[in-house]
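File shown: structure_5.cif (mmCIF, C-alpha atoms).
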```cif
data_start
loop_
_atom_site.label_atom_id
_atom_site.label_comp_id
_atom_site.auth_asym_id
_atom_site.auth_seq_id
_atom_site.Cartn_x
_atom_site.Cartn_y
_atom_site.Cartn_z
CA MET A 144 142.08 -107.26 1.07
CA HIS A 145 141.01 -110.46 -0.58
CA LEU A 146 140.71 -109.85 -4.30
CA GLU A 147 140.93 -113.33 -5.78
CA GLU A 148 137.78 -114.87 -4.42
CA PHE A 149 137.28 -117.29 -7.26
CA ALA A 150 140.89 -118.33 -7.84
CA GLU A 151 140.84 -120.98 -5.14
CA GLY A 152 139.54 -124.30 -6.29
CA SER A 153 140.58 -127.44 -8.05
CA SER A 154 138.11 -127.68 -10.94
CA PHE A 155 139.20 -128.31 -14.52
CA LEU A 156 139.00 -124.56 -15.21
CA HIS A 157 141.19 -123.74 -12.20
CA LYS A 158 143.88 -126.06 -13.49
CA ALA A 159 143.61 -125.10 -17.17
CA ASP A 160 146.44 -123.22 -18.93
CA PRO A 161 145.76 -119.47 -18.48
CA ARG A 162 147.05 -118.76 -22.01
CA VAL A 163 144.35 -120.99 -23.51
CA LYS A 164 141.73 -119.45 -21.24
CA ILE A 165 142.70 -115.88 -22.19
CA ILE A 166 142.53 -116.66 -25.91
CA ILE A 167 139.15 -118.34 -25.58
CA PHE A 168 137.82 -115.57 -23.37
CA SER A 169 138.98 -112.85 -25.80
CA LEU A 170 137.27 -114.54 -28.74
CA PHE A 171 134.19 -115.19 -26.65
CA SER A 172 133.75 -111.62 -25.47
CA ILE A 173 134.52 -109.99 -28.82
CA LEU A 174 132.16 -112.26 -30.76
CA CYS A 175 129.45 -112.03 -28.13
CA ALA A 176 129.67 -108.24 -27.63
CA THR A 177 129.52 -107.51 -31.36
CA ALA A 178 126.58 -109.81 -32.17
CA THR A 179 123.42 -108.03 -33.28
CA ASP A 180 120.96 -110.92 -33.43
CA LEU A 181 119.45 -111.96 -30.08
CA LYS A 182 119.99 -115.68 -30.70
CA ILE A 183 123.81 -115.57 -30.82
CA PRO A 184 124.37 -114.04 -27.35
CA LEU A 185 121.89 -116.59 -26.01
CA TYR A 186 124.12 -119.41 -27.28
CA TYR A 187 127.09 -117.70 -25.62
CA LEU A 188 125.12 -117.43 -22.39
CA ILE A 189 124.39 -121.17 -22.54
CA TYR A 190 128.11 -121.84 -23.13
CA SER A 191 129.16 -119.69 -20.16
CA VAL A 192 126.53 -121.22 -17.87
CA PHE A 193 127.94 -124.60 -18.91
CA LEU A 194 131.40 -123.38 -17.82
CA LEU A 195 129.86 -122.29 -14.55
CA PHE A 196 128.90 -125.89 -13.81
CA ILE A 197 132.45 -127.05 -14.56
CA ALA A 198 134.05 -124.29 -12.46
CA ASP A 199 132.37 -125.30 -9.19
CA LEU A 200 132.46 -121.82 -7.60
CA LYS A 201 131.18 -120.47 -4.31
CA ILE A 202 127.55 -119.49 -4.91
CA LYS A 203 127.29 -116.49 -2.62
CA PRO A 204 130.08 -114.26 -3.98
CA PHE A 205 129.10 -115.30 -7.50
CA LEU A 206 125.50 -114.17 -7.05
CA SER A 207 126.58 -110.88 -5.51
CA ARG A 208 128.79 -110.14 -8.56
CA ILE A 209 125.94 -110.88 -10.94
CA PHE A 210 123.66 -108.67 -8.89
CA VAL A 211 126.07 -105.71 -8.95
CA ALA A 212 126.67 -106.09 -12.68
CA ASN A 213 122.96 -106.03 -13.41
CA PHE A 214 122.52 -102.75 -11.59
CA PHE A 215 123.58 -100.78 -14.68
CA ILE A 216 121.36 -103.03 -16.79
CA LEU A 217 118.45 -101.94 -14.61
CA PHE A 218 118.86 -98.40 -15.98
CA ILE A 219 118.78 -99.77 -19.49
CA TRP A 220 115.44 -101.43 -18.71
CA ILE A 221 114.04 -98.21 -17.27
CA PHE A 222 115.11 -96.03 -20.19
CA ILE A 223 115.23 -98.04 -23.39
CA PRO A 224 111.71 -99.54 -23.66
CA LEU A 225 110.23 -96.13 -22.84
CA SER A 226 112.36 -93.86 -24.98
CA TYR A 227 112.77 -96.09 -28.02
CA HIS A 228 110.36 -94.62 -30.55
CA SER A 229 109.38 -97.42 -32.86
CA ASN A 230 106.34 -99.43 -33.77
CA PRO A 231 104.83 -101.69 -32.63
CA TYR A 232 104.37 -100.72 -29.01
CA THR A 233 102.18 -101.61 -26.05
CA THR A 234 100.64 -98.88 -23.90
CA VAL A 235 100.83 -99.33 -20.16
CA GLY A 236 98.99 -96.46 -18.48
CA MET A 237 100.49 -93.31 -19.98
CA PHE A 238 103.71 -95.02 -21.18
CA LYS A 239 104.40 -96.40 -24.61
CA ILE A 240 106.62 -99.46 -24.38
CA SER A 241 108.25 -100.19 -27.71
CA HIS A 242 108.74 -103.84 -28.64
CA GLU A 243 111.99 -103.04 -30.44
CA GLY A 244 113.21 -101.32 -27.27
CA LEU A 245 112.36 -104.38 -25.19
CA ARG A 246 114.26 -106.61 -27.59
CA TYR A 247 117.23 -104.27 -27.42
CA ALA A 248 117.26 -104.17 -23.62
CA LEU A 249 117.05 -107.96 -23.55
CA LEU A 250 119.94 -108.22 -26.03
CA ILE A 251 122.16 -106.05 -23.78
CA THR A 252 121.18 -108.02 -20.67
CA VAL A 253 122.00 -111.38 -22.25
CA LYS A 254 125.32 -110.17 -23.69
CA CYS A 255 126.42 -108.54 -20.46
CA ASN A 256 125.61 -111.56 -18.30
CA ALA A 257 127.14 -114.04 -20.75
CA ILE A 258 130.43 -112.12 -20.74
CA ILE A 259 130.46 -111.60 -16.98
CA ILE A 260 129.93 -115.30 -16.32
CA ALA A 261 132.70 -116.08 -18.81
CA THR A 262 135.02 -113.58 -17.09
CA ILE A 263 134.43 -115.23 -13.73
CA THR A 264 134.70 -118.81 -14.97
CA LEU A 265 137.60 -118.37 -17.42
CA LEU A 266 139.72 -115.56 -15.95
CA SER A 267 138.91 -115.24 -12.26
CA THR A 268 139.67 -118.94 -11.79
CA SER A 269 143.37 -118.15 -12.37
CA SER A 270 145.45 -116.03 -10.02
CA VAL A 271 146.11 -112.46 -11.17
CA PHE A 272 149.85 -113.17 -11.28
CA SER A 273 149.49 -116.16 -13.56
CA LEU A 274 147.25 -114.07 -15.84
CA ALA A 275 149.96 -111.38 -15.93
CA HIS A 276 152.51 -114.07 -16.75
CA ALA A 277 150.25 -115.40 -19.51
CA MET A 278 149.93 -111.87 -20.94
CA LEU A 279 153.69 -111.84 -21.48
CA HIS A 280 153.41 -115.05 -23.50
CA LEU A 281 150.64 -113.41 -25.53
CA LYS A 282 152.99 -110.57 -26.51
CA VAL A 283 151.58 -107.81 -24.32
CA PRO A 284 154.39 -105.19 -23.96
CA GLN A 285 156.78 -106.14 -21.17
CA LYS A 286 156.76 -102.68 -19.61
CA LEU A 287 152.99 -102.77 -19.29
CA VAL A 288 153.03 -106.23 -17.69
CA THR A 289 155.77 -105.16 -15.26
CA ILE A 290 153.69 -102.13 -14.24
CA PHE A 291 150.64 -104.35 -13.81
CA PHE A 292 152.64 -106.85 -11.77
CA LEU A 293 154.03 -104.25 -9.35
CA PHE A 294 150.69 -102.42 -9.25
CA TYR A 295 148.90 -105.56 -8.13
CA ARG A 296 151.65 -106.53 -5.71
CA TYR A 297 151.55 -103.15 -3.93
CA ILE A 298 147.78 -102.70 -3.66
CA THR A 299 147.73 -104.71 -0.44
CA VAL A 300 150.72 -102.81 0.96
CA ILE A 301 149.26 -99.39 0.14
CA HIS A 302 145.86 -100.46 1.41
CA GLU A 303 147.45 -101.31 4.77
CA GLU A 304 149.06 -97.87 4.79
CA TYR A 305 145.66 -96.34 4.11
CA LEU A 306 144.08 -98.30 6.98
CA LYS A 307 146.82 -97.03 9.32
CA ILE A 308 146.22 -93.41 8.28
CA ARG A 309 142.47 -93.90 8.64
CA GLN A 310 142.86 -95.38 12.08
CA ALA A 311 144.95 -92.39 13.15
CA VAL A 312 142.27 -90.03 11.84
CA MET A 313 139.42 -91.97 13.46
CA VAL A 314 141.19 -92.05 16.83
CA ARG A 315 141.18 -88.25 16.74
CA GLY A 316 137.38 -88.37 16.51
CA PHE A 317 136.81 -87.75 12.80
CA THR A 318 133.26 -88.38 11.57
CA PRO A 319 132.65 -88.06 7.81
CA ARG A 320 129.98 -85.52 6.87
CA THR A 321 129.13 -83.48 3.80
CA ASP A 322 131.37 -80.51 4.51
CA ILE A 323 134.68 -78.97 3.50
CA HIS A 324 136.40 -80.28 6.63
CA THR A 325 135.55 -83.87 5.65
CA TYR A 326 136.76 -83.40 2.07
CA LYS A 327 139.94 -81.72 3.28
CA THR A 328 140.60 -84.60 5.69
CA TYR A 329 140.08 -87.18 2.96
CA ALA A 330 142.34 -85.19 0.64
CA TYR A 331 145.09 -85.16 3.25
CA MET A 332 144.63 -88.89 3.83
CA ILE A 333 145.01 -89.48 0.09
CA GLY A 334 147.96 -87.09 -0.02
CA GLY A 335 149.62 -89.01 2.81
CA MET A 336 149.01 -92.27 1.00
CA LEU A 337 150.48 -90.84 -2.23
CA ILE A 338 153.62 -89.68 -0.45
CA LYS A 339 154.07 -93.08 1.18
CA SER A 340 153.67 -94.76 -2.21
CA TYR A 341 156.05 -92.31 -3.81
CA GLU A 342 158.70 -93.09 -1.23
CA ARG A 343 157.94 -96.79 -1.38
CA ALA A 344 158.44 -96.70 -5.16
CA GLU A 345 161.91 -95.21 -4.71
CA GLU A 346 162.82 -97.99 -2.27
CA ILE A 347 161.44 -100.63 -4.62
CA TYR A 348 163.46 -99.27 -7.50
CA ARG A 349 166.68 -99.31 -5.50
CA ALA A 350 165.96 -102.85 -4.29
CA MET A 351 165.23 -103.95 -7.85
CA LEU A 352 168.43 -102.35 -9.14
CA CYS A 353 170.40 -104.31 -6.53
CA ARG A 354 168.89 -107.47 -7.92
CA GLY A 355 169.94 -106.58 -11.46
CA PHE A 356 166.65 -105.16 -12.80
CA HIS A 357 166.81 -103.76 -16.28
CA GLY A 358 163.23 -103.37 -17.37
CA PHE A 359 161.76 -106.82 -16.89
CA PHE A 360 161.47 -109.79 -14.58
CA PRO A 361 163.00 -113.08 -15.58
CA LEU A 362 160.47 -115.93 -15.44
CA PHE A 363 161.13 -119.04 -13.42
CA GLU A 364 157.84 -120.82 -13.74
CA HIS A 365 156.59 -122.03 -17.07
CA PHE A 366 153.21 -123.03 -18.38
CA HIS A 367 152.51 -126.42 -19.85
CA THR A 368 149.63 -126.90 -22.25
CA ARG A 369 148.16 -130.29 -21.48
CA LYS A 370 146.12 -132.46 -23.80
CA ASN A 371 142.97 -131.44 -21.89
CA ASP A 372 143.65 -127.76 -22.53
CA ILE A 373 143.92 -128.38 -26.26
CA ILE A 374 140.69 -130.40 -26.28
CA PHE A 375 138.95 -127.65 -24.28
CA GLY A 376 140.27 -125.04 -26.73
CA ILE A 377 139.10 -126.98 -29.76
CA ILE A 378 135.64 -127.65 -28.28
CA SER A 379 135.21 -123.97 -27.42
CA LEU A 380 136.39 -122.74 -30.81
CA SER A 381 134.13 -125.12 -32.65
CA SER A 382 131.19 -124.03 -30.48
CA PHE A 383 131.89 -120.40 -31.41
CA ILE A 384 132.00 -121.32 -35.11
CA LEU A 385 128.75 -123.26 -34.64
CA PHE A 386 127.07 -120.24 -32.96
CA TRP A 387 128.11 -118.22 -35.99
CA THR A 388 126.67 -120.62 -38.55
CA ILE A 389 123.37 -121.69 -36.98
CA LYS A 390 121.86 -118.23 -36.72
CA MET B 819 132.64 -94.69 -14.43
CA HIS B 820 132.52 -97.80 -16.53
CA ILE B 821 130.31 -99.02 -19.27
CA SER B 822 129.41 -102.69 -18.94
CA GLU B 823 129.92 -105.30 -21.61
CA GLY B 824 127.35 -105.72 -24.32
CA VAL B 825 126.06 -102.15 -24.35
CA LEU B 826 128.14 -100.33 -26.97
CA SER B 827 128.15 -100.85 -30.72
CA THR B 828 131.04 -102.53 -32.54
CA SER B 829 132.25 -99.31 -34.18
CA VAL B 830 132.32 -97.43 -30.86
CA LEU B 831 134.19 -100.31 -29.16
CA PHE B 832 136.66 -100.43 -32.04
CA THR B 833 137.28 -96.66 -32.00
CA GLY B 834 137.81 -96.74 -28.22
CA ALA B 835 140.28 -99.61 -28.54
CA ILE B 836 142.33 -97.85 -31.23
CA LEU B 837 142.43 -94.56 -29.30
CA SER B 838 143.46 -96.31 -26.10
CA ILE B 839 146.19 -98.32 -27.80
CA ALA B 840 147.59 -95.07 -29.18
CA GLY B 841 147.43 -93.45 -25.73
CA LEU B 842 149.03 -96.50 -24.10
CA ALA B 843 151.84 -96.53 -26.64
CA LEU B 844 152.53 -92.85 -25.99
CA GLY B 845 152.32 -93.32 -22.23
CA LEU B 846 154.61 -96.37 -22.18
CA ARG B 847 157.19 -94.59 -24.32
CA ARG B 848 157.34 -91.76 -21.75
CA ILE B 849 157.97 -94.15 -18.84
CA ARG B 850 161.68 -94.80 -18.34
CA ASN B 851 162.70 -98.03 -16.60
CA ALA B 852 163.43 -96.00 -13.47
CA ASP B 853 159.83 -94.72 -13.50
CA ILE B 854 158.20 -98.16 -13.67
CA PRO B 855 157.91 -98.64 -9.88
CA LYS B 856 156.66 -95.08 -9.42
CA VAL B 857 153.88 -95.40 -11.99
CA ALA B 858 152.96 -98.86 -10.65
CA VAL B 859 152.85 -97.97 -6.97
CA LEU B 860 151.04 -94.67 -7.58
CA SER B 861 148.51 -96.68 -9.59
CA SER B 862 148.05 -98.93 -6.55
CA ALA B 863 147.47 -95.83 -4.43
CA PHE B 864 144.86 -94.53 -6.90
CA PHE B 865 143.21 -97.94 -6.93
CA VAL B 866 143.00 -97.95 -3.13
CA ALA B 867 141.75 -94.33 -3.17
CA SER B 868 139.01 -95.30 -5.62
CA LEU B 869 137.68 -97.71 -3.00
CA ILE B 870 137.06 -94.82 -0.58
CA HIS B 871 133.47 -93.68 -0.37
CA ILE B 872 132.98 -89.99 0.28
CA PRO B 873 129.66 -88.79 1.73
CA ILE B 874 127.59 -86.50 -0.51
CA GLY B 875 124.41 -85.49 1.30
CA PRO B 876 122.42 -88.62 2.13
CA SER B 877 124.34 -90.73 -0.37
CA SER B 878 128.01 -91.43 -1.06
CA ALA B 879 130.20 -91.75 -4.13
CA HIS B 880 133.53 -93.40 -4.65
CA LEU B 881 136.43 -91.28 -5.84
CA VAL B 882 137.67 -91.54 -9.43
CA LEU B 883 140.62 -89.10 -9.18
CA ASN B 884 141.48 -89.31 -12.88
CA GLY B 885 142.28 -85.58 -12.77
CA LEU B 886 144.84 -86.21 -10.03
CA VAL B 887 146.27 -89.21 -11.92
CA GLY B 888 146.71 -86.91 -14.93
CA VAL B 889 148.29 -84.10 -12.92
CA LEU B 890 150.85 -86.48 -11.34
CA LEU B 891 151.57 -88.75 -14.29
CA GLY B 892 150.82 -86.90 -17.56
CA TRP B 893 150.70 -89.36 -20.47
CA ALA B 894 151.53 -92.21 -18.08
CA ALA B 895 147.91 -91.80 -16.92
CA PHE B 896 147.02 -94.18 -19.77
CA PRO B 897 148.92 -97.25 -18.48
CA SER B 898 148.04 -96.32 -14.90
CA ILE B 899 144.28 -96.21 -15.52
CA PHE B 900 144.48 -99.18 -17.88
CA VAL B 901 145.96 -101.52 -15.24
CA GLY B 902 143.36 -100.32 -12.74
CA LEU B 903 140.51 -101.04 -15.15
CA ILE B 904 141.92 -104.47 -16.07
CA LEU B 905 142.06 -105.39 -12.41
CA GLN B 906 138.53 -104.14 -11.78
CA ALA B 907 137.30 -106.20 -14.71
CA LEU B 908 139.16 -109.25 -13.39
CA VAL B 909 138.30 -109.10 -9.71
CA PHE B 910 135.05 -107.14 -9.53
CA GLN B 911 133.70 -107.66 -13.07
CA PHE B 912 133.22 -103.90 -13.50
CA GLY B 913 133.63 -103.02 -17.16
CA GLY B 914 135.22 -105.77 -19.21
CA LEU B 915 137.56 -106.72 -22.00
CA THR B 916 135.69 -105.34 -25.00
CA THR B 917 134.84 -102.07 -23.23
CA LEU B 918 138.37 -101.69 -21.86
CA GLY B 919 139.34 -99.42 -24.76
CA VAL B 920 136.40 -97.04 -24.41
CA ASN B 921 136.63 -96.95 -20.62
CA THR B 922 140.40 -96.37 -20.58
CA PHE B 923 140.21 -93.58 -23.12
CA ALA B 924 137.22 -91.93 -21.43
CA MET B 925 139.07 -91.76 -18.13
CA ALA B 926 142.72 -91.34 -19.11
CA MET B 927 142.40 -88.76 -21.90
CA PRO B 928 140.74 -86.16 -19.63
CA GLY B 929 143.60 -86.76 -17.17
CA VAL B 930 146.15 -85.97 -19.88
CA VAL B 931 144.13 -82.94 -21.01
CA VAL B 932 143.98 -81.43 -17.51
CA TYR B 933 147.69 -82.13 -17.06
CA PHE B 934 148.52 -79.89 -19.99
CA ALA B 935 145.78 -77.37 -19.24
CA PHE B 936 146.57 -76.79 -15.56
CA LYS B 937 150.21 -77.75 -14.98
CA LYS B 938 151.25 -74.08 -15.09
CA PHE B 939 148.70 -73.19 -12.38
CA ILE B 940 149.84 -76.08 -10.20
CA LYS B 941 153.49 -75.04 -10.39
CA LYS B 942 152.67 -71.53 -9.08
CA GLY B 943 151.87 -70.39 -5.52
CA ARG B 944 149.60 -72.30 -3.15
CA ASN B 945 146.35 -70.47 -3.90
CA THR B 946 146.80 -70.69 -7.64
CA ALA B 947 147.78 -74.35 -7.26
CA PHE B 948 144.60 -75.00 -5.27
CA ILE B 949 142.44 -73.42 -7.96
CA GLY B 950 144.37 -75.35 -10.62
CA GLY B 951 143.76 -78.58 -8.71
CA VAL B 952 140.04 -77.87 -8.30
CA LEU B 953 139.67 -77.12 -12.00
CA ALA B 954 141.75 -80.16 -12.99
CA GLY B 955 139.79 -82.55 -10.75
CA ALA B 956 136.37 -81.22 -11.72
CA SER B 957 136.94 -80.86 -15.43
CA ALA B 958 138.50 -84.33 -15.73
CA ILE B 959 135.30 -85.87 -14.33
CA ILE B 960 133.05 -83.76 -16.54
CA LEU B 961 135.13 -84.56 -19.63
CA SER B 962 134.99 -88.27 -18.81
CA ALA B 963 131.23 -88.16 -18.37
CA VAL B 964 130.93 -86.31 -21.70
CA LEU B 965 133.12 -88.92 -23.46
CA ILE B 966 131.05 -91.78 -22.00
CA SER B 967 127.84 -90.01 -23.06
CA ILE B 968 129.21 -89.60 -26.59
CA ALA B 969 130.02 -93.35 -26.66
CA LEU B 970 126.44 -94.12 -25.57
CA LEU B 971 124.84 -91.74 -28.07
CA GLU B 972 127.04 -92.94 -30.94
CA THR B 973 125.79 -96.45 -30.18
CA GLU B 974 122.12 -95.65 -30.00
CA LYS B 975 120.18 -92.40 -30.20
CA SER B 976 117.61 -93.66 -27.69
CA PHE B 977 120.36 -93.76 -25.02
CA ILE B 978 119.83 -90.01 -24.67
CA GLY B 979 117.92 -90.49 -21.39
CA ILE B 980 120.69 -92.59 -19.88
CA ALA B 981 123.39 -90.24 -21.13
CA GLY B 982 121.58 -87.22 -19.67
CA THR B 983 121.12 -88.87 -16.28
CA PHE B 984 124.74 -89.99 -16.36
CA LEU B 985 125.95 -86.43 -16.94
CA ALA B 986 123.66 -84.99 -14.27
CA VAL B 987 124.80 -87.53 -11.66
CA HIS B 988 128.42 -86.62 -12.31
CA LEU B 989 128.07 -82.88 -11.70
CA PRO B 990 128.12 -83.10 -7.86
CA ILE B 991 130.82 -85.79 -8.10
CA ALA B 992 132.90 -83.42 -10.25
CA LEU B 993 132.59 -80.69 -7.63
CA ILE B 994 133.79 -82.99 -4.84
CA GLU B 995 136.59 -84.48 -6.95
CA GLY B 996 137.65 -80.91 -7.70
CA ILE B 997 137.76 -79.89 -4.04
CA ILE B 998 139.64 -83.05 -3.05
CA THR B 999 142.12 -82.77 -5.94
CA GLY B 1000 142.72 -79.11 -4.99
CA PHE B 1001 143.54 -80.02 -1.38
CA VAL B 1002 145.71 -83.00 -2.41
CA VAL B 1003 147.72 -80.72 -4.73
CA VAL B 1004 148.25 -78.16 -1.97
CA TYR B 1005 149.23 -80.92 0.48
CA LEU B 1006 151.76 -82.40 -1.94
CA LYS B 1007 153.12 -78.94 -2.62
CA LYS B 1008 153.75 -78.47 1.10
CA VAL B 1009 155.07 -81.92 1.92
CA LYS B 1010 156.66 -83.34 -1.21
CA PRO B 1011 156.81 -80.79 -4.02
CA GLU B 1012 158.93 -83.07 -6.26
CA ALA B 1013 155.91 -85.40 -6.59
CA LEU B 1014 154.24 -82.68 -8.66
CA GLY B 1015 157.12 -82.63 -11.14
#
```
So, in terms of structure tokens, how does the structure I just supplied come out?
Amino acid sequence: MHLEEFAEGSSFLHKADPRVKIIIFSLFSILCATATDLKIPLYYLIYSVFLLFIADLKIKPFLSRIFVANFFILFIWIFIPLSYHSNPYTTVGMFKISHEGLRYALLITVKCNAIIIATITLLSTSSVFSLAHAMLHLKVPQKLVTIFFLFYRYITVIHEEYLKIRQAVMVRGFTPRTDIHTYKTYAYMIGGMLIKSYERAEEIYRAMLCRGFHGFFPLFEHFHTRKNDIIFGIISLSSFILFWTIK
Amino acid sequence: MHISEGVLSTSVLFTGAILSIAGLALGLRRIRNADIPKVAVLSSAFFVASLIHIPIGPSSAHLVLNGLVGVLLGWAAFPSIFVGLILQALVFQFGGLTTLGVNTFAMAMPGVVVYFAFKKFIKKGRNTAFIGGVLAGASAIILSAVLISIALLETEKSFIGIAGTFLAVHLPIALIEGIITGFVVVYLKKVKPEALG
């Protein structure tokens, strides 16, 4: 399973300090998601599209992410302009399309896309492990980070176990249908996977105890904030302040 | 079952964040150091299971299994679902940072509720355990869909159409989650009863 499609690369954003990127991203998404005026999210969208040019990502997976994310937005466009009862409105056939509803749907679309592009360019350009490491520096509880770390580490292992179980089931001629037999088979596959993970967890714990685990991992690698990171942070922060003032 | 970024109002996002932080704090306090690998690796298993698409008629749906997470982990369902949602936001861009609170609470709280509501059933004989599992799996999904609908309606009254469709779509999913959770519970009872606590 390849989960870190965007983490490979050598752009400025790939090399930037994950701690700086997380802080900027958090401010970005909170300020953008809570804006009520249409103009502000538009500025954020421009900012994130600008990051997109710096990040130098593969186009194809990027477009497919944007497409998937906008699927939910499609529902907003179907429902909101039609069910928002406010004046003025335009009539198209038998439907009343409210202008306020259109503005609202547009606001959601812009916000959602701005934040998704920022997630990809700021966070997905770092590896998941370095983000977990950065979370520790940002005072996220150690237990939570340790759980996240092991969780991410073992997804691939458990996924391989699942593929093995599935192969065994398929070899016996299983074809998924809409019936109780199918659901029962899937349930047993999941049950098998849970038992393997349960046993794996016991092994992991014993192995960790042998290595002197008492609740956290010691860190060997350390982050260095370079001059470029600070400049990037300052430019981003001042842009956010600017977006706030020029409304 | 995620809400994307930019949809919910500030007050709803804020409420979700506070509730989830409380749930996470409670969940983390319950996890002893010895339980860390168990919660983490089971979370990986749930994450992998959520990638499985189950056929429903002509269409298919992916499993959520928050009822099963609740039954197996109790309050630790909060950290378990939280790490899953963070990863989905990071690698698939489903959900996101500001909606993390609402999404975590909407999925983890029903898990905790069904844990307390049905744990007695699940500890009894196989048939009762199966029924307990079905009810736990199905009601966790319905509760989650209700919580998400409340978040949508609290944001904007005109979301009623979306919320209604959302609830309706989740009824067949709830049924299938129920059946699958029921069978998983029975299977665990047969093969590894200590997993059910």
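Between atom CA of Ser967 of chain B and atom CA of Ala981 of chain B lies a distance of 4.9 Å.
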Subject >> Neighbours of chain A in chain B at 8 Å, counting all atoms listed in the file, as a VMD selection string >> reply: chain B and resid 822 to 825 827 to 828 846 851 to 852 854 to 863 865 to 867 872 to 875 897 901 908 to 912 914 to 916 976 to 977 979 to 980 994 997 to 999 1001 to 1003 1005 to 1006 1010 1013
Once you have the residues from the selection above, write them out as a compact mmCIF listing (two decimals), in the frame of the given file, restricted to C-alpha atoms.
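That gives us again05.txt:
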```
# COMPACT_ATOMS: atom_id res chain seq x y z
CA SER B 822 129.41 -102.69 -18.94
CA GLU B 823 129.92 -105.30 -21.61
CA GLY B 824 127.35 -105.72 -24.32
CA VAL B 825 126.06 -102.15 -24.35
CA SER B 827 128.15 -100.85 -30.72
CA THR B 828 131.04 -102.53 -32.54
CA LEU B 846 154.61 -96.37 -22.18
CA ASN B 851 162.70 -98.03 -16.60
CA ALA B 852 163.43 -96.00 -13.47
CA ILE B 854 158.20 -98.16 -13.67
CA PRO B 855 157.91 -98.64 -9.88
CA LYS B 856 156.66 -95.08 -9.42
CA VAL B 857 153.88 -95.40 -11.99
CA ALA B 858 152.96 -98.86 -10.65
CA VAL B 859 152.85 -97.97 -6.97
CA LEU B 860 151.04 -94.67 -7.58
CA SER B 861 148.51 -96.68 -9.59
CA SER B 862 148.05 -98.93 -6.55
CA ALA B 863 147.47 -95.83 -4.43
CA PHE B 865 143.21 -97.94 -6.93
CA VAL B 866 143.00 -97.95 -3.13
CA ALA B 867 141.75 -94.33 -3.17
CA ILE B 872 132.98 -89.99 0.28
CA PRO B 873 129.66 -88.79 1.73
CA ILE B 874 127.59 -86.50 -0.51
CA GLY B 875 124.41 -85.49 1.30
CA PRO B 897 148.92 -97.25 -18.48
CA VAL B 901 145.96 -101.52 -15.24
CA LEU B 908 139.16 -109.25 -13.39
CA VAL B 909 138.30 -109.10 -9.71
CA PHE B 910 135.05 -107.14 -9.53
CA GLN B 911 133.70 -107.66 -13.07
CA PHE B 912 133.22 -103.90 -13.50
CA GLY B 914 135.22 -105.77 -19.21
CA LEU B 915 137.56 -106.72 -22.00
CA THR B 916 135.69 -105.34 -25.00
CA SER B 976 117.61 -93.66 -27.69
CA PHE B 977 120.36 -93.76 -25.02
CA GLY B 979 117.92 -90.49 -21.39
CA ILE B 980 120.69 -92.59 -19.88
CA ILE B 994 133.79 -82.99 -4.84
CA ILE B 997 137.76 -79.89 -4.04
CA ILE B 998 139.64 -83.05 -3.05
CA THR B 999 142.12 -82.77 -5.94
CA PHE B 1001 143.54 -80.02 -1.38
CA VAL B 1002 145.71 -83.00 -2.41
CA VAL B 1003 147.72 -80.72 -4.73
CA TYR B 1005 149.23 -80.92 0.48
CA LEU B 1006 151.76 -82.40 -1.94
CA LYS B 1010 156.66 -83.34 -1.21
CA ALA B 1013 155.91 -85.40 -6.59
```
Subject >> Pairwise distance for atom CA of Leu385 of chain A and atom CA of Ser829 of chain B, rounded to one decimal in Å >> reply: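 Computing it gives 24.2 Å between the two atoms.
Note that the spacing between atom CA of Thr388 of chain A and atom CA of Leu181 of chain A amounts to 14.1 Å.
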Subject >> Nearest candidate to Gly913 of chain B (options B:Ser898, B:Ile839, B:His820, B:Ile966; using all atoms listed in the file) >> reply: B:His820
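Compared by their closest atoms to Ala843 of chain B, and using only C-alpha atoms, the residues A:Leu156, A:Leu245, A:Leu206, A:Val283 rank with A:Val283 nearest.
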Original post:
What does the PyMOL selection byres ((chain A and resi 193) around 12) select in this file, as a VMD selection string?
Top reply: chain A and resid 156 186 to 192 194 to 199 257 260 to 261 264 to 265 379
Any chance you could resolve the PyMOL selection byres ((chain B and resi 893) around 10) against this file and give the residues as a compact mmCIF listing (two decimals) with C-alpha atoms, in the frame of the given file?
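Saved the output as expr.txt:
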```
# COMPACT_ATOMS: atom_id res chain seq x y z
CA GLY B 841 147.43 -93.45 -25.73
CA LEU B 842 149.03 -96.50 -24.10
CA ALA B 843 151.84 -96.53 -26.64
CA LEU B 844 152.53 -92.85 -25.99
CA GLY B 845 152.32 -93.32 -22.23
CA LEU B 846 154.61 -96.37 -22.18
CA ARG B 847 157.19 -94.59 -24.32
CA ARG B 848 157.34 -91.76 -21.75
CA ILE B 849 157.97 -94.15 -18.84
CA VAL B 887 146.27 -89.21 -11.92
CA GLY B 888 146.71 -86.91 -14.93
CA VAL B 889 148.29 -84.10 -12.92
CA LEU B 890 150.85 -86.48 -11.34
CA LEU B 891 151.57 -88.75 -14.29
CA GLY B 892 150.82 -86.90 -17.56
CA ALA B 894 151.53 -92.21 -18.08
CA ALA B 895 147.91 -91.80 -16.92
CA PHE B 896 147.02 -94.18 -19.77
CA PRO B 897 148.92 -97.25 -18.48
CA SER B 898 148.04 -96.32 -14.90
CA ALA B 926 142.72 -91.34 -19.11
CA MET B 927 142.40 -88.76 -21.90
CA GLY B 929 143.60 -86.76 -17.17
CA VAL B 930 146.15 -85.97 -19.88
CA VAL B 931 144.13 -82.94 -21.01
CA TYR B 933 147.69 -82.13 -17.06
CA PHE B 934 148.52 -79.89 -19.99
```
**OP:** Skip Ile968 of chain B itself and residues of its chain fewer than 2 positions away, then list as a list in words all residues within 10 Å of it, counting all atoms listed in the file.
**Re:**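 The residues satisfying every condition are Val830, Ala924, Ser962, Ala963, Val964, Leu965, Ile966, Leu970, Leu971, Glu972, Thr973, Glu974, Phe977, Ile978 and Ala981 of chain B.
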